[in-house]
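The structure file final-v5.json is reproduced below (JSON, C-alpha atoms (C1' of nucleotides)).
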```json
[["chain", "number", "residue", "atom", "x", "y", "z"],
["A", 1, "MET", "CA", 31.70, 24.41, -2.89],
["A", 2, "GLN", "CA", 29.07, 26.45, -4.64],
["A", 3, "LYS", "CA", 26.71, 24.95, -7.14],
["A", 4, "GLN", "CA", 28.56, 24.18, -10.32],
["A", 5, "THR", "CA", 27.87, 26.59, -13.14],
["A", 6, "LEU", "CA", 30.91, 26.02, -15.35],
["A", 7, "LEU", "CA", 31.49, 22.65, -16.86],
["A", 8, "THR", "CA", 34.58, 20.66, -16.06],
["A", 9, "LYS", "CA", 36.97, 19.62, -18.79],
["A", 10, "ASN", "CA", 35.39, 16.27, -19.57],
["A", 11, "GLN", "CA", 31.89, 17.63, -19.27],
["A", 12, "GLN", "CA", 32.73, 20.48, -21.63],
["A", 13, "ILE", "CA", 34.32, 18.21, -24.23],
["A", 14, "ILE", "CA", 31.34, 15.89, -24.20],
["A", 15, "PHE", "CA", 28.75, 18.62, -24.13],
["A", 16, "ASP", "CA", 30.39, 20.37, -27.10],
["A", 17, "LEU", "CA", 30.30, 17.16, -29.08],
["A", 18, "ILE", "CA", 26.64, 16.49, -28.33],
["A", 19, "ASP", "CA", 25.70, 20.11, -28.89],
["A", 20, "LYS", "CA", 27.24, 20.10, -32.36],
["A", 21, "SER", "CA", 25.62, 16.82, -33.34],
["A", 22, "PRO", "CA", 22.51, 17.10, -35.50],
["A", 23, "GLU", "CA", 21.20, 13.89, -34.01],
["A", 24, "PRO", "CA", 21.13, 12.20, -30.62],
["A", 25, "MET", "CA", 24.42, 10.57, -29.73],
["A", 26, "LYS", "CA", 24.97, 7.25, -28.03],
["A", 27, "ALA", "CA", 27.45, 6.82, -25.23],
["A", 28, "TYR", "CA", 29.91, 4.63, -27.08],
["A", 29, "SER", "CA", 29.77, 6.81, -30.15],
["A", 30, "ILE", "CA", 30.62, 9.73, -27.89],
["A", 31, "LEU", "CA", 33.47, 7.71, -26.40],
["A", 32, "PHE", "CA", 34.85, 6.96, -29.85],
["A", 33, "ASN", "CA", 34.71, 10.63, -30.78],
["A", 34, "VAL", "CA", 36.47, 11.95, -27.69],
["A", 35, "GLN", "CA", 39.24, 9.41, -27.44],
["A", 36, "LYS", "CA", 41.59, 11.74, -29.26],
["A", 37, "LYS", "CA", 40.94, 14.27, -26.49],
["A", 38, "GLY", "CA", 42.11, 11.86, -23.83],
["A", 39, "ILE", "CA", 38.81, 10.45, -22.62],
["A", 40, "LYS", "CA", 39.48, 6.75, -22.82],
["A", 41, "ALA", "CA", 36.98, 4.89, -20.67],
["A", 42, "PRO", "CA", 33.20, 4.41, -20.79],
["A", 43, "LEU", "CA", 32.90, 5.50, -17.20],
["A", 44, "GLN", "CA", 34.41, 8.89, -17.96],
["A", 45, "VAL", "CA", 31.71, 9.37, -20.57],
["A", 46, "TYR", "CA", 28.88, 8.12, -18.39],
["A", 47, "ARG", "CA", 29.94, 10.31, -15.49],
["A", 48, "ALA", "CA", 29.95, 13.39, -17.65],
["A", 49, "LEU", "CA", 26.61, 12.40, -19.17],
["A", 50, "ASP", "CA", 25.05, 11.88, -15.74],
["A", 51, "LYS", "CA", 26.14, 15.30, -14.61],
["A", 52, "LEU", "CA", 25.07, 17.02, -17.82],
["A", 53, "VAL", "CA", 21.64, 15.41, -17.55],
["A", 54, "GLU", "CA", 21.41, 16.39, -13.89],
["A", 55, "ILE", "CA", 22.12, 20.05, -14.60],
["A", 56, "GLY", "CA", 19.84, 20.06, -17.61],
["A", 57, "LYS", "CA", 22.40, 20.72, -20.33],
["A", 58, "ILE", "CA", 21.47, 17.52, -22.14],
["A", 59, "HIS", "CA", 18.56, 15.10, -22.14],
["A", 60, "LYS", "CA", 18.45, 11.36, -22.50],
["A", 61, "ILE", "CA", 16.12, 10.00, -25.14],
["A", 62, "GLU", "CA", 15.08, 6.96, -23.17],
["A", 63, "SER", "CA", 13.65, 4.93, -26.01],
["A", 64, "ARG", "CA", 16.89, 5.31, -27.94],
["A", 65, "ASN", "CA", 19.54, 5.29, -25.23],
["A", 66, "ALA", "CA", 20.90, 8.46, -26.72],
["A", 67, "PHE", "CA", 21.57, 12.03, -25.68],
["A", 68, "ILE", "CA", 20.82, 15.45, -27.14],
["A", 69, "ALA", "CA", 21.66, 18.96, -26.04],
["A", 70, "CYS", "CA", 18.88, 20.95, -24.42],
["A", 71, "HIS", "CA", 17.47, 23.72, -26.56],
["A", 72, "ASN", "CA", 14.90, 24.91, -24.13],
["A", 73, "SER", "CA", 16.11, 27.09, -21.31],
["A", 74, "SER", "CA", 13.20, 26.16, -19.07],
["A", 75, "CYS", "CA", 14.10, 22.49, -18.74],
["A", 76, "GLN", "CA", 17.23, 23.35, -16.82],
["A", 77, "VAL", "CA", 15.00, 23.66, -13.84],
["A", 78, "ALA", "CA", 12.04, 21.58, -14.75],
["A", 79, "LYS", "CA", 13.23, 18.12, -15.82],
["A", 80, "ALA", "CA", 9.99, 18.15, -17.69],
["A", 81, "THR", "CA", 10.80, 17.12, -21.21],
["A", 82, "ALA", "CA", 9.01, 16.31, -24.44],
["A", 83, "PHE", "CA", 10.33, 15.12, -27.77],
["A", 84, "SER", "CA", 9.14, 14.05, -31.16],
["A", 85, "ILE", "CA", 10.94, 11.13, -32.76],
["A", 86, "CYS", "CA", 10.76, 10.18, -36.41],
["A", 87, "GLU", "CA", 10.40, 6.44, -36.74],
["A", 88, "ILE", "CA", 12.12, 6.40, -40.12],
["A", 89, "CYS", "CA", 15.06, 8.79, -39.97],
["A", 90, "GLU", "CA", 15.26, 8.87, -36.17],
["A", 91, "LYS", "CA", 15.34, 12.65, -36.11],
["A", 92, "VAL", "CA", 14.56, 13.91, -32.62],
["A", 93, "THR", "CA", 13.19, 17.34, -31.85],
["A", 94, "GLU", "CA", 12.68, 18.81, -28.43],
["A", 95, "ILE", "CA", 9.20, 20.20, -28.03],
["A", 96, "SER", "CA", 8.84, 23.52, -26.23],
["A", 97, "SER", "CA", 5.17, 24.16, -25.82],
["A", 98, "ALA", "CA", 3.92, 26.26, -22.96],
["A", 99, "GLY", "CA", 0.49, 24.71, -23.39],
["A", 100, "LEU", "CA", 1.79, 21.17, -23.21],
["A", 101, "SER", "CA", 4.04, 21.76, -20.23],
["A", 102, "LYS", "CA", 1.29, 23.56, -18.40],
["A", 103, "TYR", "CA", -1.16, 20.76, -19.13],
["A", 104, "LEU", "CA", 1.23, 18.06, -17.95],
["A", 105, "ALA", "CA", 2.42, 19.94, -14.88],
["A", 106, "ASN", "CA", -1.19, 20.40, -13.83],
["A", 107, "PHE", "CA", -2.31, 16.89, -14.70],
["A", 108, "LYS", "CA", -3.69, 15.04, -11.71],
["A", 109, "ASP", "CA", -3.84, 11.26, -11.59],
["A", 110, "LYS", "CA", -6.64, 9.29, -9.97],
["A", 111, "ASP", "CA", -5.19, 9.91, -6.53],
["A", 112, "GLY", "CA", -5.10, 13.64, -7.18],
["A", 113, "MET", "CA", -1.34, 13.45, -7.48],
["A", 114, "LYS", "CA", 0.56, 16.01, -9.58],
["A", 115, "TYR", "CA", 3.97, 15.53, -11.16],
["A", 116, "SER", "CA", 6.48, 18.24, -11.93],
["A", 117, "LYS", "CA", 8.87, 15.77, -13.49],
["A", 118, "TYR", "CA", 8.04, 13.86, -16.63],
["A", 119, "ASN", "CA", 9.36, 12.67, -19.94],
["A", 120, "LEU", "CA", 7.19, 12.45, -23.03],
["A", 121, "GLU", "CA", 8.22, 10.91, -26.32],
["A", 122, "PHE", "CA", 5.99, 11.26, -29.37],
["A", 123, "PHE", "CA", 6.52, 8.91, -32.31],
["A", 124, "GLY", "CA", 5.61, 9.52, -35.92],
["A", 125, "LEU", "CA", 7.09, 10.56, -39.23],
["A", 126, "CYS", "CA", 8.90, 13.85, -39.67],
["A", 127, "LYS", "CA", 8.17, 16.26, -42.52],
["A", 128, "LYS", "CA", 10.83, 14.82, -44.77],
["A", 129, "CYS", "CA", 9.85, 11.22, -44.24],
["A", 130, "ARG", "CA", 6.14, 11.67, -44.79],
["N", 1, "MET", "CA", -2.05, -17.31, -41.48],
["N", 2, "GLN", "CA", -4.59, -15.22, -39.63],
["N", 3, "LYS", "CA", -3.57, -12.53, -37.23],
["N", 4, "GLN", "CA", -2.43, -14.07, -34.01],
["N", 5, "THR", "CA", -4.90, -13.77, -31.18],
["N", 6, "LEU", "CA", -3.75, -16.57, -28.92],
["N", 7, "LEU", "CA", -0.32, -16.44, -27.41],
["N", 8, "THR", "CA", 2.26, -19.07, -28.19],
["N", 9, "LYS", "CA", 3.75, -21.19, -25.46],
["N", 10, "ASN", "CA", 6.71, -18.96, -24.68],
["N", 11, "GLN", "CA", 4.66, -15.81, -24.98],
["N", 12, "GLN", "CA", 2.05, -17.20, -22.61],
["N", 13, "ILE", "CA", 4.59, -18.30, -20.02],
["N", 14, "ILE", "CA", 6.26, -14.91, -20.05],
["N", 15, "PHE", "CA", 3.04, -12.94, -20.12],
["N", 16, "ASP", "CA", 1.67, -14.88, -17.15],
["N", 17, "LEU", "CA", 4.79, -14.15, -15.17],
["N", 18, "ILE", "CA", 4.71, -10.42, -15.92],
["N", 19, "ASP", "CA", 0.97, -10.24, -15.35],
["N", 20, "LYS", "CA", 1.30, -11.75, -11.89],
["N", 21, "SER", "CA", 4.18, -9.50, -10.91],
["N", 22, "PRO", "CA", 3.27, -6.50, -8.75],
["N", 23, "GLU", "CA", 6.17, -4.57, -10.23],
["N", 24, "PRO", "CA", 7.79, -4.16, -13.63],
["N", 25, "MET", "CA", 10.05, -7.07, -14.51],
["N", 26, "LYS", "CA", 13.41, -6.93, -16.21],
["N", 27, "ALA", "CA", 14.35, -9.26, -19.01],
["N", 28, "TYR", "CA", 16.99, -11.25, -17.16],
["N", 29, "SER", "CA", 14.82, -11.55, -14.09],
["N", 30, "ILE", "CA", 12.14, -12.96, -16.36],
["N", 31, "LEU", "CA", 14.70, -15.33, -17.85],
["N", 32, "PHE", "CA", 15.70, -16.54, -14.40],
["N", 33, "ASN", "CA", 12.08, -17.15, -13.48],
["N", 34, "VAL", "CA", 11.15, -19.13, -16.57],
["N", 35, "GLN", "CA", 14.20, -21.34, -16.82],
["N", 36, "LYS", "CA", 12.39, -24.11, -15.00],
["N", 37, "LYS", "CA", 9.79, -23.97, -17.77],
["N", 38, "GLY", "CA", 12.39, -24.62, -20.43],
["N", 39, "ILE", "CA", 13.11, -21.11, -21.62],
["N", 40, "LYS", "CA", 16.85, -21.02, -21.44],
["N", 41, "ALA", "CA", 18.18, -18.19, -23.57],
["N", 42, "PRO", "CA", 17.86, -14.39, -23.44],
["N", 43, "LEU", "CA", 16.76, -14.32, -27.03],
["N", 44, "GLN", "CA", 13.76, -16.47, -26.28],
["N", 45, "VAL", "CA", 12.72, -13.94, -23.67],
["N", 46, "TYR", "CA", 13.37, -10.91, -25.85],
["N", 47, "ARG", "CA", 11.45, -12.39, -28.76],
["N", 48, "ALA", "CA", 8.43, -13.02, -26.59],
["N", 49, "LEU", "CA", 8.72, -9.55, -25.06],
["N", 50, "ASP", "CA", 8.92, -7.93, -28.50],
["N", 51, "LYS", "CA", 5.80, -9.69, -29.64],
["N", 52, "LEU", "CA", 3.89, -8.99, -26.43],
["N", 53, "VAL", "CA", 4.77, -5.31, -26.70],
["N", 54, "GLU", "CA", 3.77, -5.29, -30.35],
["N", 55, "ILE", "CA", 0.33, -6.72, -29.65],
["N", 56, "GLY", "CA", -0.13, -4.48, -26.63],
["N", 57, "LYS", "CA", -0.26, -7.13, -23.90],
["N", 58, "ILE", "CA", 2.67, -5.57, -22.10],
["N", 59, "HIS", "CA", 4.44, -2.22, -22.10],
["N", 60, "LYS", "CA", 8.09, -1.36, -21.73],
["N", 61, "ILE", "CA", 8.95, 1.21, -19.10],
["N", 62, "GLU", "CA", 11.73, 2.82, -21.06],
["N", 63, "SER", "CA", 13.42, 4.64, -18.21],
["N", 64, "ARG", "CA", 13.70, 1.39, -16.29],
["N", 65, "ASN", "CA", 14.23, -1.21, -19.00],
["N", 66, "ALA", "CA", 11.40, -3.18, -17.51],
["N", 67, "PHE", "CA", 8.06, -4.56, -18.56],
["N", 68, "ILE", "CA", 4.56, -4.51, -17.10],
["N", 69, "ALA", "CA", 1.29, -6.05, -18.22],
["N", 70, "CYS", "CA", -1.22, -3.72, -19.81],
["N", 71, "HIS", "CA", -4.22, -2.91, -17.68],
["N", 72, "ASN", "CA", -5.88, -0.61, -20.11],
["N", 73, "SER", "CA", -7.76, -2.23, -22.94],
["N", 74, "SER", "CA", -7.42, 0.81, -25.18],
["N", 75, "CYS", "CA", -3.65, 0.65, -25.49],
["N", 76, "GLN", "CA", -3.88, -2.58, -27.42],
["N", 77, "VAL", "CA", -4.60, -0.47, -30.42],
["N", 78, "ALA", "CA", -3.17, 2.86, -29.51],
["N", 79, "LYS", "CA", 0.41, 2.39, -28.40],
["N", 80, "ALA", "CA", -0.28, 5.56, -26.53],
["N", 81, "THR", "CA", 0.90, 4.96, -23.00],
["N", 82, "ALA", "CA", 1.33, 6.89, -19.78],
["N", 83, "PHE", "CA", 2.77, 5.82, -16.45],
["N", 84, "SER", "CA", 3.58, 7.21, -13.05],
["N", 85, "ILE", "CA", 6.79, 6.03, -11.46],
["N", 86, "CYS", "CA", 7.69, 6.40, -7.80],
["N", 87, "GLU", "CA", 11.28, 7.50, -7.47],
["N", 88, "ILE", "CA", 11.67, 5.82, -4.12],
["N", 89, "CYS", "CA", 9.92, 2.46, -4.26],
["N", 90, "GLU", "CA", 9.88, 2.24, -8.06],
["N", 91, "LYS", "CA", 6.19, 1.40, -8.11],
["N", 92, "VAL", "CA", 4.81, 1.91, -11.60],
["N", 93, "THR", "CA", 1.17, 2.57, -12.37],
["N", 94, "GLU", "CA", -0.36, 2.78, -15.79],
["N", 95, "ILE", "CA", -2.43, 5.91, -16.20],
["N", 96, "SER", "CA", -5.74, 5.61, -17.99],
["N", 97, "SER", "CA", -7.13, 9.07, -18.40],
["N", 98, "ALA", "CA", -9.44, 9.89, -21.24],
["N", 99, "GLY", "CA", -8.60, 13.55, -20.82],
["N", 100, "LEU", "CA", -4.88, 12.99, -21.00],
["N", 101, "SER", "CA", -5.01, 10.69, -23.96],
["N", 102, "LYS", "CA", -7.32, 13.01, -25.80],
["N", 103, "TYR", "CA", -5.07, 15.96, -25.08],
["N", 104, "LEU", "CA", -1.96, 14.16, -26.25],
["N", 105, "ALA", "CA", -3.56, 12.62, -29.32],
["N", 106, "ASN", "CA", -4.73, 16.07, -30.36],
["N", 107, "PHE", "CA", -1.53, 17.87, -29.50],
["N", 108, "LYS", "CA", 0.02, 19.61, -32.49],
["N", 109, "ASP", "CA", 3.68, 20.52, -32.63],
["N", 110, "LYS", "CA", 5.05, 23.66, -34.26],
["N", 111, "ASP", "CA", 4.73, 22.10, -37.70],
["N", 112, "GLY", "CA", 1.10, 21.26, -37.04],
["N", 113, "MET", "CA", 2.02, 17.61, -36.73],
["N", 114, "LYS", "CA", -0.08, 15.24, -34.64],
["N", 115, "TYR", "CA", 1.07, 11.99, -33.04],
["N", 116, "SER", "CA", -1.07, 9.00, -32.28],
["N", 117, "LYS", "CA", 1.83, 7.16, -30.71],
["N", 118, "TYR", "CA", 3.54, 8.33, -27.58],
["N", 119, "ASN", "CA", 4.97, 7.29, -24.27],
["N", 120, "LEU", "CA", 4.74, 9.44, -21.18],
["N", 121, "GLU", "CA", 6.46, 8.74, -17.90],
["N", 122, "PHE", "CA", 5.66, 10.87, -14.85],
["N", 123, "PHE", "CA", 8.07, 10.80, -11.90],
["N", 124, "GLY", "CA", 7.30, 11.56, -8.31],
["N", 125, "LEU", "CA", 6.58, 9.91, -4.99],
["N", 126, "CYS", "CA", 3.73, 7.48, -4.55],
["N", 127, "LYS", "CA", 1.22, 7.71, -1.71],
["N", 128, "LYS", "CA", 3.18, 5.37, 0.55],
["N", 129, "CYS", "CA", 6.49, 7.07, 0.01],
["N", 130, "ARG", "CA", 5.34, 10.61, 0.60],
["I", 1, "DA", "C1'", 46.72, 24.14, 6.65],
["I", 2, "DA", "C1'", 43.16, 20.96, 7.36],
["I", 3, "DT", "C1'", 38.87, 19.34, 5.76],
["I", 4, "DT", "C1'", 35.44, 18.21, 2.76],
["I", 5, "DT", "C1'", 33.54, 17.52, -1.71],
["I", 6, "DA", "C1'", 33.79, 16.96, -6.61],
["I", 7, "DT", "C1'", 36.14, 15.19, -10.35],
["I", 8, "DT", "C1'", 39.26, 12.18, -12.68],
["I", 9, "DG", "C1'", 41.67, 7.89, -14.04],
["I", 10, "DT", "C1'", 41.74, 2.94, -14.47],
["I", 11, "DT", "C1'", 40.58, -1.97, -14.58],
["I", 12, "DA", "C1'", 37.19, -5.12, -14.42],
["I", 13, "DT", "C1'", 32.64, -6.68, -14.81],
["I", 14, "DA", "C1'", 27.53, -6.44, -14.82],
["I", 15, "DA", "C1'", 23.31, -5.77, -17.30],
["I", 16, "DT", "C1'", 20.80, -5.25, -21.51],
["I", 17, "DA", "C1'", 20.06, -6.67, -26.19],
["I", 18, "DT", "C1'", 20.81, -8.57, -30.96],
["I", 19, "DA", "C1'", 23.09, -11.36, -35.03],
["I", 20, "DA", "C1'", 23.23, -15.46, -37.43],
["I", 21, "DC", "C1'", 21.87, -19.85, -38.46],
["I", 22, "DA", "C1'", 19.36, -24.29, -38.03],
["I", 23, "DT", "C1'", 14.98, -26.40, -36.94],
["I", 24, "DT", "C1'", 10.17, -27.06, -36.07],
["I", 25, "DA", "C1'", 5.39, -25.80, -36.22],
["I", 26, "DT", "C1'", 1.45, -23.69, -38.29],
["I", 27, "DG", "C1'", -1.44, -21.51, -41.80],
["I", 28, "DT", "C1'", -2.48, -20.95, -46.96],
["I", 29, "DA", "C1'", -3.23, -22.38, -51.39],
["I", 30, "DA", "C1'", -2.40, -25.37, -55.46],
["Q", 1, "DT", "C1'", -2.33, -33.64, -49.17],
["Q", 2, "DT", "C1'", 1.44, -31.87, -50.94],
["Q", 3, "DA", "C1'", 3.83, -27.94, -51.59],
["Q", 4, "DC", "C1'", 4.71, -23.31, -50.16],
["Q", 5, "DA", "C1'", 5.02, -19.49, -47.12],
["Q", 6, "DT", "C1'", 5.24, -17.56, -42.66],
["Q", 7, "DA", "C1'", 5.87, -17.58, -37.78],
["Q", 8, "DA", "C1'", 7.89, -19.40, -33.77],
["Q", 9, "DT", "C1'", 11.57, -21.87, -31.55],
["Q", 10, "DG", "C1'", 16.23, -23.38, -30.15],
["Q", 11, "DT", "C1'", 21.10, -22.46, -29.77],
["Q", 12, "DT", "C1'", 25.66, -20.33, -29.70],
["Q", 13, "DA", "C1'", 28.04, -16.38, -29.91],
["Q", 14, "DT", "C1'", 28.59, -11.59, -29.56],
["Q", 15, "DA", "C1'", 27.33, -6.65, -29.45],
["Q", 16, "DT", "C1'", 25.80, -2.79, -26.78],
["Q", 17, "DT", "C1'", 24.84, -0.26, -22.68],
["Q", 18, "DA", "C1'", 26.08, 0.73, -17.99],
["Q", 19, "DT", "C1'", 28.11, 0.36, -13.26],
["Q", 20, "DA", "C1'", 31.31, -1.35, -9.21],
["Q", 21, "DA", "C1'", 35.36, -0.66, -6.81],
["Q", 22, "DC", "C1'", 39.39, 1.63, -5.74],
["Q", 23, "DA", "C1'", 43.17, 5.08, -6.10],
["Q", 24, "DA", "C1'", 44.53, 9.66, -7.15],
["Q", 25, "DT", "C1'", 43.96, 14.55, -8.00],
["Q", 26, "DA", "C1'", 41.86, 19.06, -7.86],
["Q", 27, "DA", "C1'", 39.00, 22.61, -6.02],
["Q", 28, "DA", "C1'", 36.09, 25.00, -2.55],
["Q", 29, "DT", "C1'", 35.26, 25.76, 2.63],
["Q", 30, "DT", "C1'", 36.55, 26.40, 7.31]]
```
If you took the structure in this file and wrote it as structure tokens, what would it be?
Amino acid sequence: MQKQTLLTKNQQIIFDLIDKSPEPMKAYSILFNVQKKGIKAPLQVYRALDKLVEIGKIHKIESRNAFIACHNSSCQVAKATAFSICEICEKVTEISSAGLSKYLANFKDKDGMKYSKYNLEFFGLCKKCR
Amino acid sequence: MQKQTLLTKNQQIIFDLIDKSPEPMKAYSILFNVQKKGIKAPLQVYRALDKLVEIGKIHKIESRNAFIACHNSSCQVAKATAFSICEICEKVTEISSAGLSKYLANFKDKDGMKYSKYNLEFFGLCKKCR
DNA sequence: AATTTATTGTTATAATATAACATTATGTAA
DNA sequence: TTACATAATGTTATATTATAACAATAAATT
């Protein structure tokens, strides 16, 4: 079996929903929204989410237990993600900054260790909420 | 009432436990460990954890739903945290790098927005696991 | 066609976290 | 020092997030 490029039915349904959403979606909210399409159980949602995260089509916002579609072609490979999160309206924006990703990918810890995989969440107030 | 500097009984019990632990601790593992000291309910644990996070004595490792004691005096104010996480043994190390924190505190997104609050988690293999 | 691998469906349950309410302790101010 | 306000605690119940285990189906590989 060659590496999956097309999404399966459940993955496609769930990706479409997340991709259309203006805000991060939580697993059980996703479940509620896809029940009419025949996806009835939490596990069906979590399995699709796991796969979509793995192939880089969506990202998990760890501090919110929620998922957003990737809008940055380079993360498909990198698993190196950065977001800004508004602490009032909870708006989440994926940050695509060559400078930032370069800095973080080249960062060395005290042992001289580098990390190609990371997740960064910035917190503050968005334009509207300031 | 002046700003709390000393920990309350429950906070102290739970902080001591986390501080002694060589690895991040999860809430229900904490609960199990402090039941002999009279802390019987999840909520008692979560309340102490919330407060300890708020005052910067511990940090939550978001990707693991676990808590570690702070070993970096500057985060008490900053809420600007960075960790490395070993994907095999799950060892977590808090990163204290003046360069990194300066870079992130000065980072500006596309709207020119700066963030004093952030959480960064690096993933890779620790020395032992490589 | 046989084999392997990925995906799906389903039920049950585990793990993580908060709501709501009553009580007790502690700090502040009249 | 009594009243008031605020913070912390105790308790029961419940909400939310996530996975285990097993059976069945579908798709790619040989």
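Any residue of chain N with an atom within 12 Å of chain I counts; using all atoms listed in the file, that gives Met1, Gln2, Lys3, Gln4, Thr8, Lys9, Lys26, Ala27, Tyr28, Ser29, Ala41, Pro42, Leu43, Gln44, Val45, Tyr46, Arg47, Leu49, Asp50, Arg64, Asn65 and Ala66 of chain N.
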Each chain N residue no farther than 8 Å from chain A, nearest pair in Å, only C-alpha atoms, as a Markdown table:
```
| residue | atom | partner | partner_atom | distance |
| --- | --- | --- | --- | --- |
| N:Glu62 | CA | A:Ser63 | CA | 5.7 |
| N:Ser63 | CA | A:Glu62 | CA | 5.7 |
| N:Ile95 | CA | A:Asp109 | CA | 7.2 |
| N:Ser97 | CA | A:Asp109 | CA | 7.9 |
| N:Leu100 | CA | A:Phe107 | CA | 7.8 |
| N:Phe107 | CA | A:Leu100 | CA | 7.8 |
| N:Asp109 | CA | A:Ile95 | CA | 7.2 |
| N:Tyr115 | CA | A:Gly124 | CA | 5.9 |
| N:Ser116 | CA | A:Phe123 | CA | 7.6 |
| N:Lys117 | CA | A:Phe123 | CA | 5.3 |
| N:Tyr118 | CA | A:Phe122 | CA | 4.2 |
| N:Asn119 | CA | A:Glu121 | CA | 5.3 |
| N:Leu120 | CA | A:Leu120 | CA | 4.3 |
| N:Glu121 | CA | A:Asn119 | CA | 5.3 |
| N:Phe122 | CA | A:Tyr118 | CA | 4.2 |
| N:Phe123 | CA | A:Lys117 | CA | 5.3 |
| N:Gly124 | CA | A:Tyr115 | CA | 5.9 |
```
Problem - Distance filter 8 Å, only C-alpha atoms (C1' of nucleotides), chain Q against chain A, as a list in words - result: DT17, DA18, DA28 and DT29 of chain Q
Would you save the residues of that selection, restricted to C-alpha atoms (C1' of nucleotides), as a PDB file, in the frame of the given file?
```pdb
ATOM      1  C1'  DT Q  17      24.840  -0.260 -22.680  1.00  0.00           C
ATOM      2  C1'  DA Q  18      26.080   0.730 -17.990  1.00  0.00           C
ATOM      3  C1'  DA Q  28      36.090  25.000  -2.550  1.00  0.00           C
ATOM      4  C1'  DT Q  29      35.260  25.760   2.630  1.00  0.00           C
TER       5       DT Q  29
END
```
Problem - Atomic separation - CA of Lys102 in chain A relative to CA of Cys70 in chain A, Å - result: 18.8 Å
Practice task
Scan for residues within 7 Å of the point (10.5, -20.0, -29.9) in the coordinates of the file, using all atoms listed in the file, and reply as a PyMOL selection string.
Solution key: (chain N and resi 10+44) or (chain Q and resi 8-10)
Exercise for the section: Between CA of Gln11 in chain N and CA of Lys57 in chain N, measure the distance and give it in Å to one decimal. Expected result: 10.0 Å
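Atom to atom, CA of Glu90 in chain N and CA of Ile14 in chain N stand 21.2 Å apart.
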Padding 4 Å on each side, edges along x, y and z: where is the centre of the box around the listed atoms of range 79-95 of chain A, and how long are its edges in Å to one decimal? Output it as JSON.
```
{"center_x": 12.2, "center_y": 13.3, "center_z": -28.0, "size_x": 14.3, "size_y": 21.8, "size_z": 32.3}
```
Practice task
Find the residues around Ile18 in chain A up to 8 Å (only C-alpha atoms (C1' of nucleotides) counted), leave out those fewer than 5 positions away in its own chain, and share them as number ranges by chain.
Solution key: A: 24-25, 30, 67-69
Handout entry: For Glu23 in chain A, the nearest of the candidates A:Asn106, A:Lys91, A:Gly112, A:Ser101, counting all atoms listed in the file
Key = A:Lys91
